[in-house]
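For reference, model-v7.txt is printed below; it contains compact mmCIF, C-alpha atoms (C1' of nucleotides).
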```
# COMPACT_ATOMS: atom_id res chain seq x y z
CA MET A 1 0.00 0.00 0.00
CA ALA A 2 1.54 3.26 -1.09
CA ARG A 3 1.69 6.08 1.43
CA THR A 4 0.03 9.37 0.78
CA GLN A 5 2.28 11.20 -1.62
CA GLY A 6 4.72 13.44 0.16
CA SER A 7 3.86 12.15 3.62
CA HIS A 8 6.96 11.45 5.67
CA SER A 9 6.28 12.58 9.20
CA ASP A 10 8.25 9.79 10.80
CA ILE A 11 11.49 10.60 9.05
CA THR A 12 11.09 14.31 8.37
CA GLY A 13 10.84 15.21 12.05
CA PRO A 14 14.27 13.90 12.97
CA ARG A 15 15.69 15.38 9.79
CA VAL A 16 14.41 18.81 10.76
CA ARG A 17 16.11 18.58 14.13
CA ALA A 18 19.32 17.27 12.58
CA ALA A 19 19.41 20.12 10.07
CA ALA A 20 18.72 22.71 12.76
CA LEU A 21 21.43 21.22 14.96
CA HIS A 22 23.99 21.34 12.21
CA LEU A 23 23.12 24.81 10.97
CA PHE A 24 22.76 26.39 14.42
CA ALA A 25 26.17 25.01 15.39
CA GLN A 26 27.79 26.25 12.20
CA HIS A 27 26.30 29.71 11.83
CA GLY A 28 24.50 30.45 15.09
CA TYR A 29 20.81 30.42 15.91
CA ALA A 30 20.16 34.04 15.00
CA ALA A 31 21.96 33.77 11.70
CA VAL A 32 20.05 30.71 10.48
CA SER A 33 16.70 31.13 8.77
CA MET A 34 13.83 28.70 8.66
CA ARG A 35 14.27 28.69 4.87
CA GLN A 36 17.84 27.44 5.27
CA ILE A 37 16.70 24.63 7.51
CA ALA A 38 13.94 23.72 5.06
CA ARG A 39 16.38 23.70 2.17
CA GLU A 40 18.71 21.32 3.99
CA VAL A 41 15.79 19.00 4.79
CA GLY A 42 14.46 19.23 1.28
CA VAL A 43 11.06 20.73 1.99
CA GLN A 44 9.52 24.17 1.75
CA ALA A 45 9.68 26.50 4.73
CA GLY A 46 6.01 26.20 5.57
CA ALA A 47 6.29 22.45 6.05
CA LEU A 48 8.62 22.91 9.03
CA TYR A 49 5.74 24.16 11.10
CA ASN A 50 4.30 20.64 11.15
CA TYR A 51 7.25 19.69 13.35
CA THR A 52 7.87 22.69 15.53
CA PRO A 53 5.59 25.51 16.63
CA ASP A 54 8.39 28.01 16.03
CA LYS A 55 12.12 28.51 15.73
CA GLN A 56 12.62 29.01 19.47
CA SER A 57 11.13 25.60 20.28
CA LEU A 58 13.53 24.01 17.84
CA LEU A 59 16.47 25.47 19.74
CA PHE A 60 15.04 24.63 23.14
CA ASP A 61 14.30 21.01 22.17
CA LEU A 62 17.86 20.51 20.95
CA MET A 63 19.34 21.86 24.16
CA GLN A 64 16.92 20.05 26.43
CA THR A 65 17.52 16.73 24.71
CA HIS A 66 21.26 17.21 24.97
CA MET A 67 21.21 18.05 28.66
CA THR A 68 18.81 15.24 29.47
CA GLU A 69 21.05 12.73 27.75
CA LEU A 70 24.05 14.11 29.60
CA LEU A 71 22.32 13.70 32.94
CA ALA A 72 21.27 10.17 32.01
CA ALA A 73 24.89 9.31 31.20
CA ARG A 74 26.00 10.77 34.51
CA ASP A 75 23.46 8.56 36.31
CA ASP A 76 25.34 5.51 35.09
CA MET A 77 28.00 6.36 37.66
CA PRO A 78 28.86 3.17 39.57
CA ASP A 79 27.87 3.03 43.23
CA GLY A 80 30.40 2.55 45.98
CA ALA A 81 33.31 4.06 44.08
CA THR A 82 36.05 5.90 45.92
CA PRO A 83 36.33 9.66 45.28
CA VAL A 84 39.32 9.08 43.00
CA GLU A 85 37.46 6.43 41.02
CA ALA A 86 34.38 8.61 40.79
CA LEU A 87 36.45 11.56 39.55
CA GLU A 88 38.18 9.46 36.93
CA HIS A 89 34.84 8.11 35.79
CA PHE A 90 33.41 11.63 35.57
CA THR A 91 36.43 12.90 33.66
CA ARG A 92 36.40 10.14 31.06
CA LEU A 93 32.64 10.21 30.68
CA HIS A 94 32.64 13.98 30.17
CA LEU A 95 35.37 13.80 27.55
CA ARG A 96 33.73 10.94 25.67
CA PHE A 97 30.24 12.39 25.81
CA HIS A 98 31.32 15.85 24.72
CA SER A 99 33.75 14.83 22.00
CA GLU A 100 31.05 12.67 20.44
CA ARG A 101 28.60 15.57 20.24
CA PRO A 102 30.49 18.68 19.17
CA ASP A 103 27.46 20.37 17.62
CA GLU A 104 25.22 19.81 20.63
CA VAL A 105 27.90 21.03 23.04
CA PHE A 106 28.60 24.12 21.00
CA ILE A 107 24.93 25.05 20.94
CA ALA A 108 24.43 24.28 24.61
CA TYR A 109 27.15 26.79 25.53
CA MET A 110 26.74 29.42 22.83
CA GLU A 111 23.02 29.79 22.40
CA LEU A 112 21.94 30.19 26.01
CA ARG A 113 21.38 33.88 25.41
CA ASN A 114 18.96 33.13 22.58
CA LEU A 115 16.59 31.20 24.82
CA THR A 116 13.49 32.88 26.16
CA PRO A 117 13.76 33.54 29.90
CA GLU A 118 11.49 30.59 30.72
CA ASN A 119 13.48 28.20 28.56
CA PHE A 120 16.76 29.55 29.89
CA THR A 121 15.69 28.81 33.45
CA LYS A 122 14.91 25.20 32.57
CA ILE A 123 18.22 24.58 30.82
CA GLU A 124 20.18 26.27 33.58
CA ALA A 125 18.62 23.94 36.13
CA LEU A 126 19.78 20.93 34.14
CA ARG A 127 23.28 22.31 33.82
CA ARG A 128 23.43 23.11 37.51
CA SER A 129 22.44 19.56 38.32
CA TYR A 130 25.34 18.29 36.22
CA GLU A 131 27.83 20.63 37.88
CA ASP A 132 26.55 19.60 41.29
CA SER A 133 27.49 15.99 40.66
CA LEU A 134 31.13 16.97 40.15
CA GLU A 135 31.09 19.27 43.15
CA THR A 136 29.74 16.41 45.26
CA ILE A 137 32.58 14.17 44.15
CA LEU A 138 35.15 16.83 44.99
CA ARG A 139 33.66 17.52 48.42
CA SER A 140 33.59 13.84 49.29
CA GLY A 141 37.24 13.55 48.28
CA VAL A 142 38.13 16.52 50.45
CA SER A 143 36.31 14.94 53.41
CA SER A 144 38.15 11.68 52.93
CA ALA A 145 41.46 13.52 52.49
CA ASP A 146 41.89 12.01 49.03
CA PHE A 147 41.84 15.45 47.42
CA GLU A 148 43.51 18.72 48.24
CA VAL A 149 41.10 21.38 47.00
CA SER A 150 40.80 24.76 48.66
CA ASP A 151 37.50 25.71 47.01
CA PRO A 152 35.34 22.88 45.62
CA LYS A 153 33.00 25.25 43.78
CA ILE A 154 35.79 26.91 41.85
CA ALA A 155 37.52 23.61 41.26
CA THR A 156 34.26 22.31 39.79
CA MET A 157 34.05 25.18 37.33
CA ALA A 158 37.76 24.92 36.51
CA VAL A 159 37.67 21.19 35.80
CA ILE A 160 34.52 21.40 33.67
CA ALA A 161 35.92 24.32 31.67
CA MET A 162 39.19 22.49 31.14
CA LEU A 163 37.46 19.32 29.97
CA THR A 164 34.87 20.99 27.77
CA GLY A 165 37.65 22.93 26.09
CA VAL A 166 38.66 19.70 24.39
CA ASN A 167 35.98 20.41 21.83
CA THR A 168 37.82 23.46 20.55
CA TRP A 169 40.61 21.37 19.11
CA PHE A 170 39.99 17.60 19.30
CA ARG A 171 39.03 15.86 16.08
CA GLU A 172 38.68 12.11 15.61
CA GLY A 173 41.52 10.89 13.43
CA GLY A 174 43.93 13.62 14.48
CA ARG A 175 47.33 13.30 16.15
CA LEU A 176 45.90 11.63 19.26
CA SER A 177 43.15 9.07 19.82
CA LEU A 178 40.35 9.78 22.24
CA ALA A 179 41.81 7.16 24.61
CA GLU A 180 45.12 9.01 24.68
CA VAL A 181 43.40 12.34 25.21
CA GLU A 182 41.37 10.85 28.06
CA GLN A 183 44.55 9.65 29.73
CA ILE A 184 46.31 12.99 29.41
CA TYR A 185 43.37 14.96 30.74
CA TRP A 186 42.76 12.54 33.58
CA ASP A 187 46.39 12.91 34.54
CA MET A 188 46.04 16.71 34.66
CA VAL A 189 42.74 16.63 36.54
CA ARG A 190 44.10 14.17 39.06
CA LYS A 191 47.12 16.32 39.75
CA ALA A 192 45.12 19.56 39.81
CA VAL A 193 42.95 18.30 42.68
CA GLY A 194 45.93 16.88 44.50
CA ALA A 195 44.92 13.23 44.17
CA MET B 1 33.04 79.28 19.27
CA ALA B 2 30.16 76.83 18.86
CA ARG B 3 30.78 73.64 16.97
CA THR B 4 28.82 72.81 13.88
CA GLN B 5 25.47 71.65 15.12
CA GLY B 6 25.32 67.89 15.59
CA SER B 7 29.01 67.34 14.82
CA HIS B 8 30.60 64.96 17.31
CA SER B 9 32.96 62.72 15.39
CA ASP B 10 35.55 62.58 18.14
CA ILE B 11 33.19 61.17 20.74
CA THR B 12 30.63 59.40 18.58
CA GLY B 13 33.18 56.99 17.10
CA PRO B 14 34.15 55.44 20.44
CA ARG B 15 30.52 55.42 21.49
CA VAL B 16 29.59 53.41 18.42
CA ARG B 17 32.22 50.81 19.23
CA ALA B 18 31.20 50.70 22.87
CA ALA B 19 27.56 50.18 21.97
CA ALA B 20 28.41 47.46 19.45
CA LEU B 21 30.63 45.73 22.00
CA HIS B 22 27.94 45.74 24.63
CA LEU B 23 25.12 44.66 22.32
CA PHE B 24 27.11 41.99 20.47
CA ALA B 25 28.16 40.47 23.79
CA GLN B 26 24.64 40.50 25.13
CA HIS B 27 22.62 39.32 22.15
CA GLY B 28 25.13 38.08 19.59
CA TYR B 29 26.36 39.71 16.40
CA ALA B 30 23.72 38.25 14.14
CA ALA B 31 20.88 39.19 16.46
CA VAL B 32 21.89 42.85 16.77
CA SER B 33 20.74 45.36 14.17
CA MET B 34 22.44 48.55 13.12
CA ARG B 35 19.30 50.35 14.26
CA GLN B 36 19.76 48.95 17.78
CA ILE B 37 23.33 50.17 17.88
CA ALA B 38 22.27 53.58 16.63
CA ARG B 39 19.53 53.79 19.26
CA GLU B 40 22.04 53.03 22.05
CA VAL B 41 24.39 55.71 20.72
CA GLY B 42 21.59 58.18 20.29
CA VAL B 43 21.84 58.73 16.54
CA GLN B 44 19.96 57.50 13.50
CA ALA B 45 21.08 54.34 11.73
CA GLY B 46 22.46 56.13 8.70
CA ALA B 47 24.91 58.10 10.83
CA LEU B 48 26.74 54.93 11.87
CA TYR B 49 28.16 54.62 8.39
CA ASN B 50 30.36 57.63 9.06
CA TYR B 51 32.26 55.43 11.52
CA THR B 52 32.28 52.00 9.97
CA PRO B 53 31.96 50.86 6.37
CA ASP B 54 29.66 48.06 7.48
CA LYS B 55 28.58 45.82 10.34
CA GLN B 56 31.28 43.23 9.69
CA SER B 57 34.06 45.79 10.10
CA LEU B 58 32.60 46.79 13.43
CA LEU B 59 32.90 43.21 14.65
CA PHE B 60 36.37 42.72 13.23
CA ASP B 61 37.70 45.94 14.75
CA LEU B 62 36.46 44.96 18.19
CA MET B 63 38.11 41.55 18.00
CA GLN B 64 41.34 42.81 16.51
CA THR B 65 41.68 45.52 19.14
CA HIS B 66 41.07 43.01 21.89
CA MET B 67 43.62 40.50 20.62
CA THR B 68 46.21 43.18 19.99
CA GLU B 69 45.87 44.46 23.53
CA LEU B 70 46.15 40.92 24.86
CA LEU B 71 49.36 40.35 22.94
CA ALA B 72 50.74 43.68 24.18
CA ALA B 73 50.01 42.66 27.76
CA ARG B 74 51.74 39.35 27.18
CA ASP B 75 54.81 41.17 25.92
CA ASP B 76 55.21 42.72 29.36
CA MET B 77 56.44 39.32 30.54
CA PRO B 78 59.64 39.85 32.55
CA ASP B 79 62.85 38.52 31.04
CA GLY B 80 64.98 35.98 32.81
CA ALA B 81 62.16 34.41 34.77
CA THR B 82 62.22 30.74 35.64
CA PRO B 83 59.57 28.53 33.98
CA VAL B 84 57.57 28.45 37.21
CA GLU B 85 57.71 32.23 37.54
CA ALA B 86 56.77 32.67 33.90
CA LEU B 87 53.81 30.32 34.26
CA GLU B 88 52.57 32.11 37.37
CA HIS B 89 52.91 35.42 35.59
CA PHE B 90 50.98 34.10 32.59
CA THR B 91 48.25 32.65 34.78
CA ARG B 92 47.68 35.81 36.79
CA LEU B 93 47.89 38.05 33.75
CA HIS B 94 45.40 35.93 31.85
CA LEU B 95 42.93 35.95 34.73
CA ARG B 96 43.25 39.68 35.31
CA PHE B 97 43.08 40.62 31.67
CA HIS B 98 40.11 38.41 30.91
CA SER B 99 38.08 39.17 34.03
CA GLU B 100 38.45 42.89 33.31
CA ARG B 101 37.02 42.51 29.79
CA PRO B 102 34.12 40.06 29.92
CA ASP B 103 32.38 41.49 26.86
CA GLU B 104 35.48 41.46 24.67
CA VAL B 105 36.37 37.92 25.71
CA PHE B 106 32.88 36.68 25.07
CA ILE B 107 32.86 38.16 21.59
CA ALA B 108 36.36 36.94 20.79
CA TYR B 109 35.30 33.35 21.50
CA MET B 110 31.69 33.35 20.34
CA GLU B 111 31.69 35.40 17.18
CA LEU B 112 34.58 33.82 15.31
CA ARG B 113 32.13 32.10 13.01
CA ASN B 114 30.59 35.42 12.04
CA LEU B 115 33.85 36.78 10.65
CA THR B 116 34.47 36.70 6.93
CA PRO B 117 37.12 34.11 5.99
CA GLU B 118 39.76 36.81 5.54
CA ASN B 119 39.04 38.39 8.89
CA PHE B 120 38.87 35.00 10.57
CA THR B 121 42.35 34.16 9.35
CA LYS B 122 43.76 37.35 10.81
CA ILE B 123 42.17 36.85 14.23
CA GLU B 124 43.21 33.21 14.34
CA ALA B 125 46.82 34.18 13.77
CA LEU B 126 46.70 36.51 16.75
CA ARG B 127 45.14 33.89 18.94
CA ARG B 128 47.67 31.30 17.86
CA SER B 129 50.47 33.67 18.78
CA TYR B 130 49.04 33.99 22.28
CA GLU B 131 48.72 30.23 22.72
CA ASP B 132 52.26 29.77 21.50
CA SER B 133 53.62 31.88 24.33
CA LEU B 134 52.12 29.52 26.90
CA GLU B 135 53.29 26.47 25.00
CA THR B 136 56.80 27.90 24.98
CA ILE B 137 56.72 28.34 28.74
CA LEU B 138 55.53 24.78 29.24
CA ARG B 139 58.17 23.33 26.93
CA SER B 140 60.93 25.24 28.65
CA GLY B 141 59.73 23.94 31.99
CA VAL B 142 59.72 20.39 30.67
CA SER B 143 63.27 20.82 29.42
CA SER B 144 64.43 22.13 32.77
CA ALA B 145 62.53 19.36 34.58
CA ASP B 146 60.49 21.95 36.47
CA PHE B 147 57.25 20.65 34.93
CA GLU B 148 55.89 17.19 34.37
CA VAL B 149 53.75 17.51 31.24
CA SER B 150 53.28 14.64 28.83
CA ASP B 151 51.90 16.76 25.97
CA PRO B 152 52.65 20.50 26.03
CA LYS B 153 50.20 21.27 23.22
CA ILE B 154 47.27 19.69 25.04
CA ALA B 155 48.37 21.17 28.35
CA THR B 156 48.36 24.58 26.69
CA MET B 157 44.79 24.19 25.51
CA ALA B 158 43.72 22.73 28.84
CA VAL B 159 45.21 25.55 30.92
CA ILE B 160 43.82 28.29 28.68
CA ALA B 161 40.36 26.71 28.69
CA MET B 162 40.45 26.37 32.45
CA LEU B 163 41.53 29.98 32.97
CA THR B 164 39.19 31.52 30.43
CA GLY B 165 36.30 29.62 32.02
CA VAL B 166 36.56 32.03 34.94
CA ASN B 167 34.47 34.46 32.91
CA THR B 168 31.44 32.18 33.05
CA TRP B 169 31.03 32.73 36.77
CA PHE B 170 33.37 35.38 38.23
CA ARG B 171 31.85 38.76 39.06
CA GLU B 172 33.60 41.57 40.89
CA GLY B 173 32.05 41.94 44.32
CA GLY B 174 31.04 38.30 44.61
CA ARG B 175 32.07 35.72 47.20
CA LEU B 176 35.76 35.92 46.26
CA SER B 177 38.06 38.76 45.27
CA LEU B 178 40.07 38.57 42.09
CA ALA B 179 43.24 38.16 44.16
CA GLU B 180 41.77 35.10 45.87
CA VAL B 181 40.61 33.66 42.58
CA GLU B 182 44.07 34.18 41.12
CA GLN B 183 45.63 32.32 44.00
CA ILE B 184 43.23 29.37 43.74
CA TYR B 185 43.67 29.04 39.97
CA TRP B 186 47.43 29.40 40.17
CA ASP B 187 47.46 26.64 42.74
CA MET B 188 45.51 24.34 40.40
CA VAL B 189 47.59 25.23 37.35
CA ARG B 190 50.80 24.67 39.26
CA LYS B 191 49.73 21.26 40.43
CA ALA B 192 48.27 20.27 37.03
CA VAL B 193 51.64 20.74 35.34
CA GLY B 194 53.48 19.02 38.14
CA ALA B 195 55.38 22.08 39.34
C1' DG C 1 2.05 16.34 5.07
C1' DT C 2 3.57 19.38 1.73
C1' DC C 3 2.93 22.82 -1.42
C1' DT C 4 2.41 27.85 -3.16
C1' DA C 5 1.31 32.29 -1.98
C1' DT C 6 1.25 35.88 1.08
C1' DA C 7 0.75 38.95 5.33
C1' DT C 8 3.70 41.70 7.98
C1' DG C 9 7.69 43.37 9.59
C1' DA C 10 12.60 44.35 9.87
C1' DA C 11 17.12 43.97 8.15
C1' DG C 12 21.69 46.37 5.80
C1' DA C 13 22.94 50.00 3.32
C1' DT C 14 22.57 54.44 0.51
C1' DA C 15 20.93 59.27 -1.28
C1' DG C 16 20.42 63.76 -0.63
C1' DA C 17 18.72 67.72 2.30
C1' DC C 18 20.38 70.57 6.07
C1' DG D 1 28.03 64.86 10.80
C1' DT D 2 23.39 63.81 11.17
C1' DC D 3 18.96 63.57 9.58
C1' DT D 4 14.81 61.58 6.94
C1' DA D 5 13.39 58.77 3.42
C1' DT D 6 13.96 54.93 0.71
C1' DC D 7 15.75 50.82 -2.07
C1' DT D 8 16.08 46.04 -1.81
C1' DT D 9 16.18 41.92 0.38
C1' DC D 10 15.03 38.74 3.63
C1' DA D 11 12.89 37.22 7.87
C1' DT D 12 8.96 34.44 10.72
C1' DA D 13 4.80 32.69 10.40
C1' DT D 14 0.12 31.57 8.42
C1' DA D 15 -3.78 30.31 4.94
C1' DG D 16 -5.68 27.34 2.01
C1' DA D 17 -5.24 24.21 -2.15
C1' DC D 18 -3.97 19.45 -3.20
```
Write out the structure in this file as structure tokens.
Amino acid sequence: MARTQGSHSDITGPRVRAAALHLFAQHGYAAVSMRQIAREVGVQAGALYNYTPDKQSLLFDLMQTHMTELLAARDDMPDGATPVEALEHFTRLHLRFHSERPDEVFIAYMELRNLTPENFTKIEALRRSYEDSLETILRSGVSSADFEVSDPKIATMAVIAMLTGVNTWFREGGRLSLAEVEQIYWDMVRKAVGA
Amino acid sequence: MARTQGSHSDITGPRVRAAALHLFAQHGYAAVSMRQIAREVGVQAGALYNYTPDKQSLLFDLMQTHMTELLAARDDMPDGATPVEALEHFTRLHLRFHSERPDEVFIAYMELRNLTPENFTKIEALRRSYEDSLETILRSGVSSADFEVSDPKIATMAVIAMLTGVNTWFREGGRLSLAEVEQIYWDMVRKAVGA
DNA sequence: GTCTATATGAAGATAGAC
DNA sequence: GTCTATCTTCATATAGAC
């Protein structure tokens, strides 16, 4: 039985999000038009509005999905790990997760200012939750005297910034493999917190 | 002797750049219109074109000025310092310079993709020159066995990312003074490179 | 579900009066 | 040097035919 001509809701939806992701990351949310997204998908601009109520929702959905997946990955953290093990796990997970999703990460950091206030609040809460999990690890390591960290809050921000910075230069197939990069960063993180 | 009515070239020029800086940092280059800039300056849109040939030049000038000032500050590095002293100097200078110029830093990192290819190439060369000065410090410290760094290139990117990240949270008048922040970051940098 | 056509507004940049 | 007015293009979003 042939489908209705031109009816592709099940595949067009993901394609719209993929095109928006790619174009927002490359040119920035404000610089990308709905017509550009439609062109990349291969439909006319009007058809996009079957998949998103507006451009803002497209951005918000991309960021919310990204942050939700990040938090889900974080929740795979093994129970009963020592602070050092937990920190190594966090470090490697962060590097792997972020290096696999350069476009999502770029958008999540760069397009915060293009969210409506309501949407911004929601995304910020997700990000804060992620940061808190690292801060908790650092505080537990300070309590157990495994780490030497004078200010866990600042150390949290410093470590996350250092790790996320990998996306500014790392490319699969370059001079170093991801496994090598993980090892080098873990070595620096470990030393930085005095473990 | 009264000036020609409405003639203010000597003060309007800097005001145009200041308004563009502020608005680009807040909303992003692509999202800011020439009319918005004009409104902030207190002139009509057409008058802006006495001070810049177009919007792109406005962005490029801001970024070029910022990077040139950064390189000038770097050149104040004292001669004859040990690798550890040079690294501490770099760390504190970077933190001070960047925390004093949040808008410029934000633009310099976020709006690279909105430069024309020619302009992008010029800004990238300036940034590369800055990164090279840290890499040189790290390599000299490895040679002298003051540092323990397995990959100076990665360590360079990691340290710069960590330090620049201070702009995502540090505000003058907050919980910590800049001097305290400097000390905490220098402590982490020092340990991260094994000094 | 997708198309064409369009309503409505705003963008960058320029011309010419003062 | 700044203004007003305008050219031209493009934007988001919607209406209604197929």
Worksheet item: When the cut-off is 9 Å and we count all atoms listed in the file, which residues of chain A are near chain D, given as a PyMOL selection string?
Response: chain A and resi 33-34+46+49+54-55
Keeping only C-alpha atoms, write the selected residues as a compact mmCIF listing (two decimals), in the frame of the given file.
```
# COMPACT_ATOMS: atom_id res chain seq x y z
CA SER A 33 16.70 31.13 8.77
CA MET A 34 13.83 28.70 8.66
CA GLY A 46 6.01 26.20 5.57
CA TYR A 49 5.74 24.16 11.10
CA ASP A 54 8.39 28.01 16.03
CA LYS A 55 12.12 28.51 15.73
```
Discussion item. Within 10 Å of chain A, which residues belong to chain B? Use all atoms listed in the file and report them as a ChimeraX atom specification.
Written reply: /B:25-32,106,109-114,148-151,154-155,157-166,168-170,181,184-185,187-194
Practice prompt. Give me the residues within 10 Å of Glu104 of chain A as a list in words, counting all atoms listed in the file and dropping any in the same chain fewer than 3 places off.
Written response: Leu21, His22, Phe24, Ala25, Leu62, Met63, Thr65, His66, Met67, His98, Ser99, Glu100, Arg101, Ile107, Ala108, Tyr109 and Met110 of chain A
Generate a file of the selected residues that holds C-alpha atoms, formatted as a short mmCIF file (atom, residue, chain, number, x, y, z; two decimals), in the coordinates of the input.
```
data_model
loop_
_atom_site.label_atom_id
_atom_site.label_comp_id
_atom_site.auth_asym_id
_atom_site.auth_seq_id
_atom_site.Cartn_x
_atom_site.Cartn_y
_atom_site.Cartn_z
CA LEU A 21 21.43 21.22 14.96
CA HIS A 22 23.99 21.34 12.21
CA PHE A 24 22.76 26.39 14.42
CA ALA A 25 26.17 25.01 15.39
CA LEU A 62 17.86 20.51 20.95
CA MET A 63 19.34 21.86 24.16
CA THR A 65 17.52 16.73 24.71
CA HIS A 66 21.26 17.21 24.97
CA MET A 67 21.21 18.05 28.66
CA HIS A 98 31.32 15.85 24.72
CA SER A 99 33.75 14.83 22.00
CA GLU A 100 31.05 12.67 20.44
CA ARG A 101 28.60 15.57 20.24
CA ILE A 107 24.93 25.05 20.94
CA ALA A 108 24.43 24.28 24.61
CA TYR A 109 27.15 26.79 25.53
CA MET A 110 26.74 29.42 22.83
#
```
Practice prompt. State, in Å with one decimal place, the distance from atom CA of Ile137 of chain A to atom CA of Leu71 of chain A.
Written response: 15.2 Å
May I have a table of the residues of chain C lying at most 10 Å from chain B, giving each one's closest pair of atoms and their distance in Å to one decimal, counting all atoms listed in the file, ordered by chain and ascending residue number, as a tab-separated table?
```
residue	atom	partner	partner_atom	distance
C:DA10	C1'	B:Ser33	CA	9.3
C:DA11	C1'	B:Ser33	CA	7.2
C:DG12	C1'	B:Met34	CA	7.7
C:DA13	C1'	B:Asp54	CA	8.1
C:DT14	C1'	B:Gly46	CA	8.4
```
Worksheet item: Restricting the calculation to only C-alpha atoms, which member of B:Pro83, B:Pro102, B:Pro78, B:Gly13 is positioned closest to Tyr51 of chain B?
Response: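 Using only C-alpha atoms, Tyr51 of chain B sits closest to B:Gly13.
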Fill in: Pairwise distance for atom CA of Gly174 of chain B and atom CA of Thr91 of chain B, rounded to one decimal in Å
20.6 Å
Discussion item. Please determine, counting all atoms listed in the file, which residue among A:Thr82, A:Gln183, A:Ser144, A:Gln44 has the shortest atom-to-atom distance to DC3 of chain C.
Written reply: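 Among the listed residues, the smallest separation from DC3 of chain C belongs to A:Gln44.
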Worksheet item: Distance atom CA of Leu23 of chain A-atom CA of Ala73 of chain A, one decimal place?
Response: 25.5 Å
Draw an axis-aligned box tight on the listed atoms of segment 163-180 of chain A, then pad every side by 3 Å and write out centre and edge lengths in Å to one decimal as JSON.
```
{"center_x": 41.1, "center_y": 15.3, "center_z": 21.7, "size_x": 18.5, "size_y": 22.3, "size_z": 22.5}
```
Discussion item. Could you check the closest approach to Glu69 of chain B for each of B:Ser143, B:Phe97, B:Ile123, B:Leu115 and tell me which residue wins, using only C-alpha atoms?
Written reply: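 Of B:Ser143, B:Phe97, B:Ile123, B:Leu115, the one nearest Glu69 of chain B is B:Phe97, counting only C-alpha atoms.
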